[in-house]
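Just upload_35.csv here, CSV, C-alpha atoms:
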chain,number,residue,atom,x,y,z
A,280,MET,CA,33.5,-23.1,43.9
A,281,SER,CA,30.1,-23.9,42.6
A,282,GLU,CA,29.8,-26.7,40.0
A,283,GLN,CA,27.1,-24.6,38.3
A,284,LEU,CA,28.8,-21.5,36.8
A,285,ILE,CA,25.7,-19.7,35.6
A,286,VAL,CA,22.2,-20.1,37.1
A,287,CYS,CA,19.2,-18.3,35.5
A,288,GLU,CA,15.9,-18.3,37.5
A,289,HIS,CA,12.8,-17.0,35.8
A,290,LEU,CA,14.9,-14.5,33.9
A,291,ALA,CA,13.1,-11.9,31.8
A,292,TYR,CA,13.9,-8.8,29.9
A,293,THR,CA,11.6,-6.2,28.3
A,294,TYR,CA,12.9,-3.4,26.0
A,295,ASN,CA,11.4,0.0,26.8
A,296,ALA,CA,10.0,-1.5,30.0
A,297,ASP,CA,9.4,2.0,31.5
A,298,THR,CA,7.1,3.0,28.6
A,299,PRO,CA,4.3,0.3,28.4
A,300,ARG,CA,3.0,1.4,25.1
A,301,ASP,CA,6.4,0.7,23.5
A,302,ALA,CA,7.4,-2.2,25.6
A,303,VAL,CA,8.8,-5.3,23.8
A,304,PRO,CA,9.2,-8.5,25.9
A,305,ALA,CA,12.3,-10.2,24.5
A,306,VAL,CA,13.1,-12.8,27.2
A,307,ARG,CA,10.3,-14.4,29.2
A,308,ASP,CA,10.6,-16.5,32.3
A,309,ILE,CA,13.7,-18.5,31.3
A,310,SER,CA,15.3,-20.9,33.8
A,311,PHE,CA,18.4,-23.0,33.2
A,312,SER,CA,22.0,-23.5,34.4
A,313,VAL,CA,25.4,-23.8,32.8
A,314,ALA,CA,27.9,-26.1,34.4
A,315,ARG,CA,31.7,-25.5,34.3
A,316,GLY,CA,33.3,-26.6,31.1
A,317,GLU,CA,29.9,-27.3,29.4
A,318,TYR,CA,29.5,-26.7,25.6
A,319,ILE,CA,26.0,-25.3,24.9
A,320,ALA,CA,24.5,-24.2,21.6
A,321,VAL,CA,21.6,-21.8,21.6
A,322,LEU,CA,19.2,-21.8,18.6
A,323,GLY,CA,16.2,-19.7,17.7
A,324,HIS,CA,14.8,-17.8,14.7
A,325,ASN,CA,15.6,-14.2,14.2
A,326,GLY,CA,13.9,-12.1,16.9
A,327,SER,CA,13.5,-15.1,19.2
A,328,GLY,CA,15.4,-13.5,22.1
A,329,LYS,CA,18.7,-15.5,21.9
A,330,SER,CA,21.0,-12.5,21.5
A,331,THR,CA,19.2,-10.6,24.3
A,332,LEU,CA,19.7,-13.7,26.5
A,333,ALA,CA,23.4,-13.6,25.7
A,334,LYS,CA,23.7,-9.9,26.8
A,335,LEU,CA,21.9,-10.7,30.0
A,336,LEU,CA,24.4,-13.5,30.8
A,337,ASN,CA,27.3,-11.1,30.2
A,338,LEU,CA,25.4,-8.3,32.1
A,339,ILE,CA,25.5,-5.9,29.1
A,340,LEU,CA,21.7,-5.8,29.9
A,341,GLU,CA,20.2,-6.0,33.4
A,342,PRO,CA,17.2,-8.3,33.7
A,343,THR,CA,13.8,-6.7,34.3
A,344,ALA,CA,12.7,-9.8,36.3
A,345,GLY,CA,14.2,-13.0,37.7
A,346,ARG,CA,17.6,-13.8,39.1
A,347,LEU,CA,21.0,-14.4,37.5
A,348,THR,CA,23.8,-16.0,39.6
A,349,VAL,CA,27.4,-16.2,38.2
A,350,ASP,CA,29.9,-18.3,40.1
A,351,GLY,CA,27.8,-18.1,43.3
A,352,VAL,CA,27.3,-14.3,43.1
A,353,ASP,CA,23.7,-13.0,42.8
A,354,THR,CA,24.0,-10.3,40.1
A,355,THR,CA,20.4,-9.1,40.9
A,356,SER,CA,21.2,-8.5,44.6
A,357,PRO,CA,21.1,-4.9,45.9
A,358,ASP,CA,24.6,-5.5,47.2
A,359,PHE,CA,26.0,-6.3,43.8
A,360,SER,CA,28.7,-3.7,43.2
A,361,GLU,CA,30.7,-2.2,40.3
A,362,ASP,CA,33.7,-4.5,41.3
A,363,ASP,CA,31.4,-7.5,41.1
A,364,LEU,CA,30.2,-6.4,37.7
A,365,PHE,CA,33.8,-6.2,36.4
A,366,GLU,CA,34.6,-9.6,37.8
A,367,VAL,CA,31.5,-11.2,36.2
A,368,ARG,CA,32.4,-9.8,32.8
A,369,ARG,CA,35.9,-11.1,33.3
A,370,LYS,CA,34.6,-14.6,34.0
A,371,VAL,CA,31.9,-14.5,31.3
A,372,GLY,CA,33.4,-13.0,28.1
A,373,MET,CA,31.6,-12.4,24.8
A,374,VAL,CA,32.7,-12.5,21.2
A,375,PHE,CA,30.3,-10.7,18.9
A,376,GLN,CA,29.1,-11.2,15.3
A,377,ASN,CA,31.1,-8.6,13.5
A,378,PRO,CA,34.9,-9.1,14.0
A,379,ASP,CA,35.7,-5.5,12.9
A,380,ASN,CA,33.7,-4.1,15.8
A,381,GLN,CA,35.7,-5.9,18.5
A,382,LEU,CA,39.4,-5.0,17.9
A,383,VAL,CA,40.7,-2.0,19.8
A,384,ALA,CA,44.4,-1.9,18.7
A,385,THR,CA,46.2,-1.7,15.4
A,386,VAL,CA,48.6,-4.6,16.2
A,387,VAL,CA,47.5,-8.1,17.1
A,388,GLU,CA,49.5,-8.6,20.3
A,389,GLU,CA,48.5,-5.1,21.5
A,390,ASP,CA,44.9,-5.9,21.0
A,391,VAL,CA,45.2,-9.2,23.0
A,392,ALA,CA,47.1,-7.3,25.8
A,393,PHE,CA,44.3,-4.7,26.2
A,394,GLY,CA,42.3,-6.7,28.7
A,395,PRO,CA,45.2,-7.9,30.9
A,396,GLU,CA,46.6,-4.3,30.9
A,397,ASN,CA,43.3,-3.1,32.3
A,398,LEU,CA,43.5,-5.6,35.1
A,399,GLY,CA,46.7,-3.9,36.2
A,400,LEU,CA,48.8,-7.1,35.8
A,401,PRO,CA,52.6,-7.0,35.8
A,402,ARG,CA,54.2,-6.7,32.4
A,403,ALA,CA,55.7,-10.2,32.5
A,404,GLU,CA,52.3,-11.7,33.3
A,405,ILE,CA,50.7,-9.8,30.4
A,406,ARG,CA,53.4,-11.0,28.0
A,407,ARG,CA,52.8,-14.6,29.2
A,408,ARG,CA,49.1,-14.3,28.8
A,409,VAL,CA,49.3,-12.8,25.3
A,410,ASP,CA,51.7,-15.5,24.1
A,411,ASP,CA,49.5,-18.3,25.6
A,412,ALA,CA,46.3,-16.8,24.2
A,413,LEU,CA,47.7,-16.4,20.7
A,414,ARG,CA,49.0,-19.9,20.8
A,415,GLU,CA,45.6,-21.3,21.8
A,416,VAL,CA,43.9,-19.8,18.7
A,417,ASP,CA,46.9,-20.6,16.4
A,418,MET,CA,47.7,-17.0,15.8
A,419,SER,CA,51.2,-16.7,17.2
A,420,GLU,CA,52.8,-16.0,13.9
A,421,TYR,CA,50.6,-13.0,13.4
A,422,ALA,CA,51.5,-11.3,16.7
A,423,LEU,CA,53.1,-8.3,15.1
A,424,HIS,CA,50.6,-8.1,12.2
A,425,ALA,CA,48.3,-5.2,11.6
A,426,THR,CA,44.8,-6.1,12.7
A,427,HIS,CA,43.1,-4.5,9.7
A,428,LYS,CA,45.0,-6.7,7.3
A,429,LEU,CA,43.7,-10.0,8.8
A,430,SER,CA,40.9,-12.1,7.3
A,431,GLY,CA,37.5,-12.2,9.1
A,432,GLY,CA,38.3,-15.6,10.7
A,433,GLN,CA,41.7,-14.4,11.9
A,434,LYS,CA,40.1,-11.3,13.4
A,435,GLN,CA,37.6,-13.4,15.3
A,436,ARG,CA,40.4,-15.6,16.6
A,437,VAL,CA,42.2,-12.5,17.8
A,438,ALA,CA,39.0,-11.4,19.6
A,439,ILE,CA,38.9,-14.9,21.2
A,440,ALA,CA,42.5,-14.6,22.2
A,441,GLY,CA,41.6,-11.3,23.9
A,442,MET,CA,39.0,-13.1,25.9
A,443,ILE,CA,41.3,-16.0,26.8
A,444,ALA,CA,43.9,-13.5,28.1
A,445,MET,CA,41.4,-12.4,30.7
A,446,LYS,CA,41.2,-16.0,32.0
A,447,PRO,CA,37.4,-16.4,31.7
A,448,ASP,CA,35.4,-19.4,32.9
A,449,CYS,CA,33.0,-19.0,30.0
A,450,ILE,CA,32.9,-17.4,26.6
A,451,ILE,CA,29.7,-16.6,24.8
A,452,PHE,CA,29.9,-16.6,21.0
A,453,ASP,CA,27.0,-14.5,19.8
A,454,GLU,CA,26.6,-15.6,16.1
A,455,SER,CA,30.4,-15.2,15.9
A,456,THR,CA,30.6,-17.2,12.6
A,457,ALA,CA,27.7,-15.6,10.9
A,458,MET,CA,29.7,-13.1,8.8
A,459,LEU,CA,32.6,-15.4,8.0
A,460,ASP,CA,33.3,-17.5,4.9
A,461,PRO,CA,33.5,-21.3,5.2
A,462,ARG,CA,37.2,-21.2,6.0
A,463,GLY,CA,36.8,-18.5,8.7
A,464,ARG,CA,33.9,-20.4,10.2
A,465,HIS,CA,36.0,-23.6,10.4
A,466,GLU,CA,38.9,-21.7,12.1
A,467,VAL,CA,36.7,-20.2,14.7
A,468,LEU,CA,34.8,-23.5,15.4
A,469,ASP,CA,38.1,-25.3,15.9
A,470,ALA,CA,39.2,-22.6,18.3
A,471,MET,CA,36.0,-23.0,20.3
A,472,GLU,CA,36.4,-26.7,20.5
A,473,ARG,CA,40.1,-26.5,21.6
A,474,LEU,CA,39.1,-24.1,24.4
A,475,HIS,CA,36.3,-26.4,25.6
A,476,ARG,CA,38.4,-29.6,25.3
A,477,ASP,CA,41.9,-28.5,26.4
A,478,GLU,CA,41.2,-25.5,28.7
A,479,GLY,CA,37.9,-26.5,30.3
A,480,ILE,CA,36.3,-23.2,29.3
A,481,ALA,CA,32.5,-23.3,29.1
A,482,VAL,CA,31.2,-22.3,25.7
A,483,ILE,CA,27.8,-20.8,24.9
A,484,HIS,CA,27.5,-20.7,21.1
A,485,ILE,CA,24.5,-18.8,19.7
A,486,THR,CA,24.2,-19.8,16.1
A,487,HIS,CA,21.7,-20.3,13.2
A,488,TYR,CA,23.9,-23.0,11.6
A,489,MET,CA,22.5,-26.4,12.6
A,490,GLU,CA,25.7,-28.3,11.8
A,491,GLU,CA,27.5,-26.0,14.3
A,492,ALA,CA,24.9,-26.6,17.0
A,493,ALA,CA,25.3,-30.4,16.5
A,494,ARG,CA,28.9,-30.1,17.8
A,495,ALA,CA,27.7,-29.0,21.3
A,496,ASP,CA,27.0,-31.2,24.4
A,497,ARG,CA,23.6,-29.6,24.8
A,498,ILE,CA,21.2,-27.4,22.9
A,499,LEU,CA,18.8,-24.7,24.1
A,500,VAL,CA,16.1,-23.7,21.7
A,501,ILE,CA,14.6,-20.2,22.3
A,502,ASN,CA,11.2,-19.5,20.8
A,503,GLU,CA,9.2,-16.3,21.3
A,504,GLY,CA,11.5,-15.4,24.2
A,505,LYS,CA,10.9,-18.6,26.1
A,506,LEU,CA,13.1,-21.7,26.6
A,507,ALA,CA,11.3,-24.2,24.3
A,508,MET,CA,13.7,-27.1,24.3
A,509,ASP,CA,16.7,-28.2,26.4
A,510,GLY,CA,18.5,-31.4,25.5
A,511,THR,CA,21.3,-33.2,23.7
A,512,PRO,CA,21.7,-32.6,20.0
A,513,LYS,CA,20.2,-36.0,19.2
A,514,GLU,CA,17.2,-35.3,21.5
A,515,VAL,CA,16.6,-31.8,20.0
A,516,PHE,CA,17.1,-32.7,16.3
A,517,SER,CA,14.9,-35.8,16.5
A,518,GLN,CA,12.0,-33.4,16.9
A,519,ALA,CA,12.5,-32.0,13.4
A,520,GLU,CA,8.9,-31.2,12.7
A,521,THR,CA,8.6,-29.1,15.8
A,522,LEU,CA,11.7,-27.2,15.0
A,523,ARG,CA,10.4,-26.5,11.5
A,524,GLY,CA,7.3,-25.1,13.0
A,525,TRP,CA,9.4,-22.6,14.9
A,526,GLY,CA,11.1,-21.5,11.7
A,527,LEU,CA,14.3,-23.6,12.3
A,528,GLU,CA,16.1,-26.0,10.0
A,529,VAL,CA,17.7,-29.3,10.9
A,530,PRO,CA,21.2,-30.7,9.9
A,531,GLN,CA,21.4,-32.0,6.4
A,532,THR,CA,21.9,-35.6,7.6
A,533,VAL,CA,18.5,-35.4,9.4
A,534,GLU,CA,16.9,-33.9,6.3
A,535,LEU,CA,18.2,-36.8,4.2
A,536,LEU,CA,17.1,-39.5,6.7
A,537,MET,CA,13.6,-37.9,7.0
A,538,ALA,CA,13.2,-37.9,3.2
A,539,LEU,CA,14.2,-41.6,3.1
A,540,ARG,CA,11.8,-42.4,5.9
A,541,GLU,CA,9.0,-40.8,3.9
A,542,ALA,CA,10.0,-43.0,1.0
A,543,GLY,CA,9.5,-46.1,3.1
A,544,PHE,CA,12.9,-46.8,4.6
A,545,ASP,CA,13.0,-47.7,8.3
A,546,LEU,CA,15.7,-45.3,9.4
A,547,PRO,CA,16.5,-43.3,12.6
A,548,ILE,CA,16.5,-39.5,12.2
A,549,ASP,CA,19.0,-38.7,15.0
A,550,CYS,CA,22.2,-39.2,13.0
A,551,LEU,CA,24.1,-35.9,13.1
A,552,THR,CA,27.4,-36.7,11.4
A,553,SER,CA,28.2,-38.1,8.0
A,554,ASP,CA,29.7,-41.2,9.6
A,555,GLU,CA,26.5,-41.9,11.7
A,556,CYS,CA,24.4,-41.4,8.5
A,557,VAL,CA,26.5,-43.8,6.5
A,558,ALA,CA,26.3,-46.4,9.3
A,559,ALA,CA,22.5,-46.1,9.3
A,560,LEU,CA,22.3,-46.5,5.6
A,561,LEU,CA,24.7,-49.3,5.0
A,562,PRO,CA,22.4,-52.2,6.0
A,563,HIS,CA,19.7,-50.9,3.6
A,564,LEU,CA,22.2,-50.5,0.8
A,565,ALA,CA,23.5,-54.0,1.4
A,566,GLY,CA,19.9,-55.3,1.3
A,567,GLU,CA,19.3,-53.6,-2.0
A,568,ALA,CA,22.5,-55.1,-3.4
A,569,ASP,CA,21.5,-58.6,-2.3
A,570,ALA,CA,18.1,-58.3,-3.9
Mind converting the file's structure to structure tokens?
Amino acid sequence: MSEQLIVCEHLAYTYNADTPRDAVPAVRDISFSVARGEYIAVLGHNGSGKSTLAKLLNLILEPTAGRLTVDGVDTTSPDFSEDDLFEVRRKVGMVFQNPDNQLVATVVEEDVAFGPENLGLPRAEIRRRVDDALREVDMSEYALHATHKLSGGQKQRVAIAGMIAMKPDCIIFDESTAMLDPRGRHEVLDAMERLHRDEGIAVIHITHYMEEAARADRILVINEGKLAMDGTPKEVFSQAETLRGWGLEVPQTVELLMALREAGFDLPIDCLTSDECVAALLPHLAGEADA
């Protein structure tokens, strides 16, 4: 079993590649890897290519150039089969932006059971997986509820449970919190972090919320279809002016510290949480009080 779950080498994708006049390069020469159990956030302005990249990793799209390896299997090899494709999509699941477009059954537990049923698993194993998956996303009490009566956040958690029941190694969240209210966002983010922390599932979270990205172990920034940055949240968000030049924001804590630096305070700009920000400010506040 390879330590690197996903390896991208010079990956590229062009829409309408067969008609050069209408061709639109969306992903250009991207290389990176995803380790097992890693939590990665992907940032980029609208149209940067981040959602296209997600679809390549899940093989919804086939790359027009480069190489994609998933769990040691070269998906671009001529020997790559339909069975291999099914296995890759089982290992690398995806949760999309609109929760209403992902549910296939009218009852919660039936929706979660859909994937395992298609694997041909014994009924007892399906029951166990459904129960475990609903418990992981804190939706057990809604097992017999109608899916159309759930809130947006609850629907996304059911979609996540459906992925968990397939026993994936990685789940890609393609702006899965974008259409949710603050409570729904919080529910889904908590579910992501539990999967990463407790189950060792790799998470690739595509988002335009900087505070969400700050939760990750690592951030990839996509700009004009290319991998523009790859680093820890502190490393990436400390380059605030560069990010702004690419049409991206930074966390509110970074915004505050940058404004205070411009006002003459000697402060770091890599504080991503409220607690870190307070710790950086306290010595200066104490100095003002003494004066």
Gap from atom CA of Leu347 of chain A to atom CA of His324 of chain A - Å, one decimal:
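That distance, rounded to one decimal, is 23.9 Å.
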With only C-alpha atoms as the basis for distance, which of A:Gly479, A:Pro512, A:Gly504, A:Pro530 is at the shortest distance from Gly326 of chain A?
A:Gly504
For each of A:Leu474, A:Val557, A:Ile485, A:Ala444, take the minimum atom-to-atom distance to Thr456 of chain A, counting all atoms listed in the file, then give the residue where this is smallest.
A:Ile485
Distance in Å - atom CA of Glu366 of chain A versus atom CA of Ala305 of chain A
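Between atom CA of Glu366 of chain A and atom CA of Ala305 of chain A the gap works out to 26.0 Å.
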I'd like to know which of A:Pro299, A:Gly328, A:Gly524, A:Gly394 is closest to Arg368 of chain A, using all atoms listed in the file.
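Checking each of A:Pro299, A:Gly328, A:Gly524, A:Gly394 against Arg368 of chain A, counting all atoms listed in the file, the winner is A:Gly394.
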Counting all atoms listed in the file, which of A:Val437, A:Arg408, A:Val367, A:Leu539 gets nearest to Val383 of chain A?
A:Val437
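Distances from A:Val409, A:Ile480, A:Ala403, A:Cys556 to Asp448 of chain A were compared using all atoms listed in the file, and the smallest one belongs to A:Ile480.
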Compare A:Glu388, A:Ser330, A:Leu398, A:Arg307 by their minimum atom-to-atom distance to Ser419 of chain A, counting all atoms listed in the file, and give me the closest one.
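The answer is A:Glu388, which sits nearest to Ser419 of chain A.
Residues in contact with Lys334 of chain A at 12 Å, where all atoms listed in the file are counted and same-chain residues fewer than 2 positions away are skipped, are listed as Ala291, Tyr292, Ala305, Val306, Gly328, Lys329, Ser330, Thr331, Leu332, Leu336, Asn337, Leu338, Ile339, Leu340, Glu341, Pro342, Leu347, Arg368, Val371, Gly372, Met373, Val374, Phe375, Ile450, Ile451, Phe452, Asp453, Ile483 and Ile485 of chain A.
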Now that the selection is made, can you save its residues with C-alpha atoms as a PDB file, in the coordinates of the input?
ATOM      1  CA  ALA A 291      13.100 -11.900  31.800  1.00  0.00           C
ATOM      2  CA  TYR A 292      13.900  -8.800  29.900  1.00  0.00           C
ATOM      3  CA  ALA A 305      12.300 -10.200  24.500  1.00  0.00           C
ATOM      4  CA  VAL A 306      13.100 -12.800  27.200  1.00  0.00           C
ATOM      5  CA  GLY A 328      15.400 -13.500  22.100  1.00  0.00           C
ATOM      6  CA  LYS A 329      18.700 -15.500  21.900  1.00  0.00           C
ATOM      7  CA  SER A 330      21.000 -12.500  21.500  1.00  0.00           C
ATOM      8  CA  THR A 331      19.200 -10.600  24.300  1.00  0.00           C
ATOM      9  CA  LEU A 332      19.700 -13.700  26.500  1.00  0.00           C
ATOM     10  CA  LEU A 336      24.400 -13.500  30.800  1.00  0.00           C
ATOM     11  CA  ASN A 337      27.300 -11.100  30.200  1.00  0.00           C
ATOM     12  CA  LEU A 338      25.400  -8.300  32.100  1.00  0.00           C
ATOM     13  CA  ILE A 339      25.500  -5.900  29.100  1.00  0.00           C
ATOM     14  CA  LEU A 340      21.700  -5.800  29.900  1.00  0.00           C
ATOM     15  CA  GLU A 341      20.200  -6.000  33.400  1.00  0.00           C
ATOM     16  CA  PRO A 342      17.200  -8.300  33.700  1.00  0.00           C
ATOM     17  CA  LEU A 347      21.000 -14.400  37.500  1.00  0.00           C
ATOM     18  CA  ARG A 368      32.400  -9.800  32.800  1.00  0.00           C
ATOM     19  CA  VAL A 371      31.900 -14.500  31.300  1.00  0.00           C
ATOM     20  CA  GLY A 372      33.400 -13.000  28.100  1.00  0.00           C
ATOM     21  CA  MET A 373      31.600 -12.400  24.800  1.00  0.00           C
ATOM     22  CA  VAL A 374      32.700 -12.500  21.200  1.00  0.00           C
ATOM     23  CA  PHE A 375      30.300 -10.700  18.900  1.00  0.00           C
ATOM     24  CA  ILE A 450      32.900 -17.400  26.600  1.00  0.00           C
ATOM     25  CA  ILE A 451      29.700 -16.600  24.800  1.00  0.00           C
ATOM     26  CA  PHE A 452      29.900 -16.600  21.000  1.00  0.00           C
ATOM     27  CA  ASP A 453      27.000 -14.500  19.800  1.00  0.00           C
ATOM     28  CA  ILE A 483      27.800 -20.800  24.900  1.00  0.00           C
ATOM     29  CA  ILE A 485      24.500 -18.800  19.700  1.00  0.00           C
TER      30      ILE A 485
END
Mind dumping a table of every segment 386-442 of chain A residue within 10 Å of segment 468-473 of chain A, with the nearest atom pair and its distance in Å to one decimal, using all atoms listed in the file, sorted by chain and rising number, as a Markdown table?
| residue | atom | partner | partner_atom | distance |
| --- | --- | --- | --- | --- |
| A:Glu415 | CA | A:Ala470 | CA | 7.4 |
| A:Val416 | CA | A:Ala470 | CA | 5.5 |
| A:Asp417 | CA | A:Ala470 | CA | 8.2 |
| A:Gly432 | CA | A:Leu468 | CA | 9.8 |
| A:Gln435 | CA | A:Ala470 | CA | 9.8 |
| A:Arg436 | CA | A:Ala470 | CA | 7.3 |
| A:Ile439 | CA | A:Ala470 | CA | 8.2 |
| A:Ala440 | CA | A:Ala470 | CA | 9.5 |
Mind checking which residues fall within 12 Å of Cys287 of chain A, counting only C-alpha atoms, ignoring those fewer than 2 positions away in the same chain, and posting them as a PyMOL selection string?
chain A and resi 283-285+289-291+306-314+332-333+335-336+342+344-355+506
File of the preceding selection, C-alpha atoms, as a PDB file, in the frame of the given file:
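So result_26.pdb came out as:
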ATOM      1  CA  GLN A 283      27.100 -24.600  38.300  1.00  0.00           C
ATOM      2  CA  LEU A 284      28.800 -21.500  36.800  1.00  0.00           C
ATOM      3  CA  ILE A 285      25.700 -19.700  35.600  1.00  0.00           C
ATOM      4  CA  HIS A 289      12.800 -17.000  35.800  1.00  0.00           C
ATOM      5  CA  LEU A 290      14.900 -14.500  33.900  1.00  0.00           C
ATOM      6  CA  ALA A 291      13.100 -11.900  31.800  1.00  0.00           C
ATOM      7  CA  VAL A 306      13.100 -12.800  27.200  1.00  0.00           C
ATOM      8  CA  ARG A 307      10.300 -14.400  29.200  1.00  0.00           C
ATOM      9  CA  ASP A 308      10.600 -16.500  32.300  1.00  0.00           C
ATOM     10  CA  ILE A 309      13.700 -18.500  31.300  1.00  0.00           C
ATOM     11  CA  SER A 310      15.300 -20.900  33.800  1.00  0.00           C
ATOM     12  CA  PHE A 311      18.400 -23.000  33.200  1.00  0.00           C
ATOM     13  CA  SER A 312      22.000 -23.500  34.400  1.00  0.00           C
ATOM     14  CA  VAL A 313      25.400 -23.800  32.800  1.00  0.00           C
ATOM     15  CA  ALA A 314      27.900 -26.100  34.400  1.00  0.00           C
ATOM     16  CA  LEU A 332      19.700 -13.700  26.500  1.00  0.00           C
ATOM     17  CA  ALA A 333      23.400 -13.600  25.700  1.00  0.00           C
ATOM     18  CA  LEU A 335      21.900 -10.700  30.000  1.00  0.00           C
ATOM     19  CA  LEU A 336      24.400 -13.500  30.800  1.00  0.00           C
ATOM     20  CA  PRO A 342      17.200  -8.300  33.700  1.00  0.00           C
ATOM     21  CA  ALA A 344      12.700  -9.800  36.300  1.00  0.00           C
ATOM     22  CA  GLY A 345      14.200 -13.000  37.700  1.00  0.00           C
ATOM     23  CA  ARG A 346      17.600 -13.800  39.100  1.00  0.00           C
ATOM     24  CA  LEU A 347      21.000 -14.400  37.500  1.00  0.00           C
ATOM     25  CA  THR A 348      23.800 -16.000  39.600  1.00  0.00           C
ATOM     26  CA  VAL A 349      27.400 -16.200  38.200  1.00  0.00           C
ATOM     27  CA  ASP A 350      29.900 -18.300  40.100  1.00  0.00           C
ATOM     28  CA  GLY A 351      27.800 -18.100  43.300  1.00  0.00           C
ATOM     29  CA  VAL A 352      27.300 -14.300  43.100  1.00  0.00           C
ATOM     30  CA  ASP A 353      23.700 -13.000  42.800  1.00  0.00           C
ATOM     31  CA  THR A 354      24.000 -10.300  40.100  1.00  0.00           C
ATOM     32  CA  THR A 355      20.400  -9.100  40.900  1.00  0.00           C
ATOM     33  CA  LEU A 506      13.100 -21.700  26.600  1.00  0.00           C
TER      34      LEU A 506
END
To one decimal place, how far is atom CA of Leu423 of chain A from atom CA of Ala438 of chain A in Å?
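So the answer is 15.1 Å.
Applying the 9 Å criterion to (49.2, -8.1, 18.1) in file coordinates and using all atoms listed in the file, one obtains the residues Ala384, Thr385, Val386, Val387, Glu388, Glu389, Asp390, Val391, Ala392, Val409, Leu413, Ser419, Tyr421, Ala422, Leu423, His424, Ala425, Thr426 and Val437 of chain A.
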Residue completion, segment 541-557 of chain A, N, CA and C atoms, as a tab-separated table (two decimals), keeping the file's coordinate frame:
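The new file selection.tsv reads:
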chain	number	residue	atom	x	y	z
A	541	GLU	N	10.25	-41.07	4.59
A	541	GLU	CA	9.00	-40.80	3.90
A	541	GLU	C	8.89	-41.69	2.63
A	542	ALA	N	10.04	-42.12	2.12
A	542	ALA	CA	10.00	-43.00	1.00
A	542	ALA	C	9.89	-44.49	1.35
A	543	GLY	N	9.77	-44.76	2.65
A	543	GLY	CA	9.50	-46.10	3.10
A	543	GLY	C	10.63	-46.85	3.78
A	544	PHE	N	11.77	-46.19	3.95
A	544	PHE	CA	12.90	-46.80	4.60
A	544	PHE	C	12.78	-46.67	6.14
A	545	ASP	N	13.05	-47.74	6.85
A	545	ASP	CA	13.00	-47.70	8.30
A	545	ASP	C	14.35	-47.23	8.85
A	546	LEU	N	14.46	-45.91	9.03
A	546	LEU	CA	15.70	-45.30	9.40
A	546	LEU	C	15.53	-44.39	10.63
A	547	PRO	N	16.57	-44.26	11.48
A	547	PRO	CA	16.50	-43.30	12.60
A	547	PRO	C	16.65	-41.87	11.95
A	548	ILE	N	16.29	-40.85	12.72
A	548	ILE	CA	16.50	-39.50	12.20
A	548	ILE	C	17.38	-38.67	13.18
A	549	ASP	N	18.12	-39.38	14.03
A	549	ASP	CA	19.00	-38.70	15.00
A	549	ASP	C	20.45	-38.82	14.65
A	550	CYS	N	20.78	-39.09	13.39
A	550	CYS	CA	22.20	-39.20	13.00
A	550	CYS	C	22.66	-37.79	12.59
A	551	LEU	N	23.66	-37.28	13.30
A	551	LEU	CA	24.10	-35.90	13.10
A	551	LEU	C	25.35	-35.73	12.33
A	552	THR	N	26.12	-36.79	12.19
A	552	THR	CA	27.40	-36.70	11.40
A	552	THR	C	27.26	-37.58	10.18
A	553	SER	N	28.14	-37.32	9.22
A	553	SER	CA	28.20	-38.10	8.00
A	553	SER	C	28.43	-39.59	8.31
A	554	ASP	N	29.34	-39.85	9.25
A	554	ASP	CA	29.70	-41.20	9.60
A	554	ASP	C	28.46	-41.95	10.20
A	555	GLU	N	27.71	-41.29	11.08
A	555	GLU	CA	26.50	-41.90	11.70
A	555	GLU	C	25.47	-42.17	10.57
A	556	CYS	N	25.35	-41.23	9.63
A	556	CYS	CA	24.40	-41.40	8.50
A	556	CYS	C	24.76	-42.58	7.66
A	557	VAL	N	26.03	-42.70	7.33
A	557	VAL	CA	26.50	-43.80	6.50
A	557	VAL	C	26.24	-45.15	7.23
